[in-house]
Each structure stands twice: as C-alpha cells, then as structure tokens.
file entry07.txt (compact mmCIF, C-alpha atoms)
# COMPACT_ATOMS: atom_id res chain seq x y z
CA MET A 2 -68.59 -36.20 -18.63
CA LYS A 3 -69.36 -35.12 -22.17
CA GLU A 4 -69.33 -31.45 -21.15
CA PHE A 5 -65.97 -31.90 -19.45
CA THR A 6 -64.34 -33.37 -22.57
CA LYS A 7 -65.87 -30.61 -24.67
CA GLY A 8 -64.08 -28.02 -22.51
CA TYR A 9 -60.80 -29.83 -23.09
CA ARG A 10 -61.44 -29.80 -26.83
CA PHE A 11 -61.82 -26.01 -26.82
CA LEU A 12 -58.69 -25.76 -24.69
CA LEU A 13 -56.79 -27.84 -27.26
CA TYR A 14 -58.02 -25.56 -30.07
CA TYR A 15 -56.95 -22.50 -28.09
CA ILE A 16 -53.47 -23.92 -27.48
CA LEU A 17 -53.13 -24.83 -31.17
CA ILE A 18 -54.09 -21.28 -32.16
CA LEU A 19 -51.48 -19.92 -29.75
CA ILE A 20 -48.83 -22.22 -31.20
CA GLY A 21 -49.77 -21.05 -34.70
CA ILE A 22 -49.52 -17.38 -33.72
CA GLY A 23 -46.19 -18.04 -32.00
CA ALA A 24 -44.86 -19.83 -35.07
CA TRP A 25 -46.02 -16.88 -37.19
CA GLN A 26 -44.05 -14.58 -34.87
CA LEU A 27 -40.92 -16.69 -35.17
CA ILE A 28 -41.17 -16.86 -38.96
CA ASP A 29 -41.76 -13.11 -39.16
CA TRP A 30 -38.86 -12.45 -36.81
CA TYR A 31 -36.38 -14.53 -38.77
CA PHE A 32 -37.57 -13.78 -42.31
CA GLY A 33 -39.54 -10.56 -41.95
CA SER A 34 -39.19 -7.10 -40.50
CA GLU A 35 -37.92 -7.91 -36.97
CA ASP A 36 -40.10 -5.12 -35.59
CA PRO A 37 -40.97 -5.71 -31.91
CA ILE A 38 -43.84 -3.20 -32.07
CA TRP A 39 -45.53 -5.36 -34.68
CA HIS A 40 -45.30 -8.34 -32.32
CA LEU A 41 -46.93 -6.36 -29.51
CA PHE A 42 -49.99 -6.26 -31.78
CA PHE A 43 -50.35 -9.98 -31.10
CA TYR A 44 -50.30 -9.56 -27.33
CA VAL A 45 -52.24 -6.33 -26.91
CA MET A 46 -54.92 -6.67 -29.58
CA LEU A 47 -55.14 -10.10 -31.19
CA LEU A 48 -54.66 -12.48 -28.26
CA PRO A 49 -57.17 -10.71 -25.95
CA VAL A 50 -59.81 -11.05 -28.68
CA ILE A 51 -59.00 -14.73 -29.14
CA SER A 52 -59.00 -15.22 -25.36
CA PHE A 53 -62.36 -13.45 -25.13
CA GLY A 54 -63.80 -15.85 -27.70
CA PHE A 55 -62.27 -18.80 -25.86
CA GLY A 56 -63.82 -17.58 -22.61
CA LEU A 57 -67.24 -17.22 -24.24
CA ILE A 58 -67.13 -20.69 -25.72
CA ALA A 59 -65.62 -22.52 -22.75
CA GLY A 60 -67.11 -20.33 -20.01
CA GLU A 61 -69.91 -22.71 -19.02
CA LYS A 62 -67.79 -25.82 -18.86
CA PRO A 63 -66.72 -27.31 -15.53
CA TYR A 64 -64.46 -25.02 -13.53
CA PRO A 65 -64.86 -21.94 -15.73
CA TRP A 66 -62.57 -19.68 -13.68
CA ILE A 67 -59.58 -21.83 -14.54
CA TYR A 68 -59.68 -20.67 -18.17
CA PRO A 69 -58.45 -17.09 -17.57
CA PHE A 70 -55.43 -18.48 -15.74
CA VAL A 71 -54.84 -20.97 -18.54
CA SER A 72 -54.96 -18.02 -20.92
CA LEU A 73 -52.52 -16.05 -18.78
CA PHE A 74 -49.93 -18.78 -18.40
CA SER A 75 -50.16 -20.08 -21.97
CA THR A 76 -49.72 -16.57 -23.36
CA ALA A 77 -46.80 -15.96 -21.00
CA LEU A 78 -45.19 -19.22 -22.08
CA MET A 79 -45.71 -18.35 -25.74
CA TYR A 80 -44.09 -14.96 -25.11
CA ILE A 81 -41.06 -16.52 -23.42
CA LEU A 82 -40.54 -19.20 -26.08
CA MET A 83 -41.45 -17.36 -29.26
CA ALA A 84 -41.19 -13.59 -28.89
CA ASN A 85 -38.10 -11.69 -30.08
CA GLY A 86 -36.94 -14.61 -32.14
CA GLY A 87 -37.26 -17.08 -29.28
CA PHE A 88 -34.78 -15.24 -27.04
CA CYS A 89 -37.11 -13.44 -24.65
CA SER A 90 -36.53 -13.10 -20.94
CA PRO A 91 -39.43 -14.01 -18.64
CA GLU A 92 -39.42 -10.70 -16.72
CA GLY A 93 -42.19 -9.02 -18.69
CA SER A 94 -44.15 -12.13 -19.62
CA ILE A 95 -46.91 -11.80 -17.01
CA GLN A 96 -47.43 -8.08 -17.73
CA ILE A 97 -47.68 -8.70 -21.46
CA SER A 98 -50.13 -11.57 -20.82
CA LEU A 99 -52.55 -9.58 -18.64
CA PRO A 100 -54.71 -8.41 -21.60
CA SER A 101 -55.35 -12.05 -22.53
CA PHE A 102 -56.23 -12.84 -18.92
CA LEU A 103 -58.63 -9.91 -18.73
CA GLY A 104 -60.23 -10.76 -22.08
CA CYS A 105 -60.91 -14.33 -21.00
CA ALA A 106 -62.04 -13.32 -17.48
CA VAL A 107 -64.53 -10.79 -18.84
CA ALA A 108 -65.90 -13.38 -21.25
CA VAL A 109 -66.28 -15.99 -18.52
CA ALA A 110 -68.02 -13.42 -16.29
CA ILE A 111 -70.40 -12.46 -19.10
CA ARG A 112 -71.14 -16.10 -19.78
CA ARG A 113 -71.80 -16.83 -16.08
CA ILE A 114 -74.04 -13.79 -15.66
CA HIS A 115 -75.99 -14.71 -18.79
CA ALA A 116 -76.43 -18.27 -17.51
CA ARG A 117 -77.75 -17.05 -14.15
CA LEU A 118 -80.14 -14.57 -15.75
CA THR A 119 -81.60 -17.10 -18.15
CA SER A 120 -81.97 -19.98 -15.69
call {"tool": "encode", "arguments": {"input": "entry07.txt", "output": "structure tokens"}}
result
Amino acid sequence: MKEFTKGYRFLLYYILILIGIGAWQLIDWYFGSEDPIWHLFFYVMLLPVISFGFGLIAGEKPYPWIYPFVSLFSTALMYILMANGGFCSPEGSIQISLPSFLGCAVAVAIRRIHARLTS
C-alpha cells in the first residue's frame, strides 16, 4: 500500500509542475512576447524531459503503463486550457502531447527492463 501511495505522490508533483508551466505560459502570453513558437518549446522539448523523469521515478509503481497515458492526457488538457492565452482548440492537442507520451513510455520501458535484468 505504501508503494501505491508513493506513486500517487509523484503523480501529484507531476500535475503541479504541469500547472506551473501552464501558468507560466499564460503569464508570458498576456504580459510577454505572445510568440507561439516559444510555447512549442514547452511541448516539444521541456515537457518530454519532465515526462521522462516522471516515468523513471514512477515507473516501478503499481500499474506503470498508466503513467504515459496520464502524461498524454494531462499535457493535452494543459494545452487546451493554457496555450495561446487560454483560447486553444482541442484539434491539435493529442498531436502536440505525443512527445510527452513517448518520453514517459520510454522511461517506463527502461525502468521495467532494468528491473527485470537486476532481479
């Protein structure tokens, strides 16, 4: 049971980081440069790295293959609610969230392979 609650704690940290990045996007959109290319940096480079770290940390917890989908849908929701000043249509949300999904899935796979090789 302790391992299960630890996985939820990492999930909570991940969601809080996503909310912080989304708030940073909104603040930058309203008070900064309003450059959509700059905001793609978050989705193509920064969020996959954060999702990779989340997958490495939470990859051995119960039900590890749920975490890439959590990463996909939470990033898509963040994109819909906070990209382009909060007025983004959901059409491209899954495509823009795929790098986060892949980053987390690769990390979970690495973690599972490492666990099988060392046990």
call {"tool": "residues_around", "arguments": {"input": "entry07.txt", "residues": "segment 57-72 of chain A", "least_positions_apart": "3", "cutoff": "8 Å", "atoms": "all atoms listed in the file", "output": "list of chain:residue names"}}
result
A:Glu4, A:Phe5, A:Lys7, A:Gly8, A:Phe11, A:Leu12, A:Ser52, A:Phe53, A:Gly54, A:Ser75, A:Thr76, A:Ser101, A:Phe102, A:Leu103, A:Gly104, A:Cys105, A:Ala106, A:Ala108, A:Val109, A:Ala110, A:Ile111, A:Arg112, A:Arg113
call {"tool": "axis_aligned_box", "arguments": {"input": "entry07.txt", "around": "segment 88-105 of chain A", "padding_each_side": "3 Å", "output": "AutoDock Vina command-line options"}}
result
--center_x -47.8 --center_y -11.7 --center_z -21.9 --size_x 32.1 --size_y 13.2 --size_z 16.3
call {"tool": "atom_distance", "arguments": {"input": "entry07.txt", "atom1": "atom CA of Trp39 of chain A", "atom2": "atom CA of Glu92 of chain A"}}
result
19.7 Å
call {"tool": "atom_distance", "arguments": {"input": "entry07.txt", "atom1": "atom CA of Gln26 of chain A", "atom2": "atom CA of Cys89 of chain A"}}
result
12.4 Å
call {"tool": "closest_residue", "arguments": {"input": "entry07.txt", "among": "A:Leu78, A:Ile114, A:Leu41, A:Ile16", "to": "Pro91 of chain A", "atoms": "all atoms listed in the file"}}
result
A:Leu78
call {"tool": "closest_residue", "arguments": {"input": "entry07.txt", "among": "A:Gly33, A:Pro100, A:Tyr44, A:His115", "to": "Met79 of chain A", "atoms": "all atoms listed in the file"}}
result
A:Tyr44
call {"tool": "atom_distance", "arguments": {"input": "entry07.txt", "atom1": "atom CA of Phe74 of chain A", "atom2": "atom CA of Phe88 of chain A"}}
result
17.8 Å
call {"tool": "closest_residue", "arguments": {"input": "entry07.txt", "among": "A:Met46, A:Leu19, A:Ala116, A:Leu13", "to": "Ile97 of chain A", "atoms": "only C-alpha atoms"}}
result
A:Met46
call {"tool": "residues_around", "arguments": {"input": "entry07.txt", "residues": "Tyr31 of chain A", "least_positions_apart": "5", "cutoff": "12 Å", "atoms": "only C-alpha atoms", "output": "count of residues only"}}
result
10
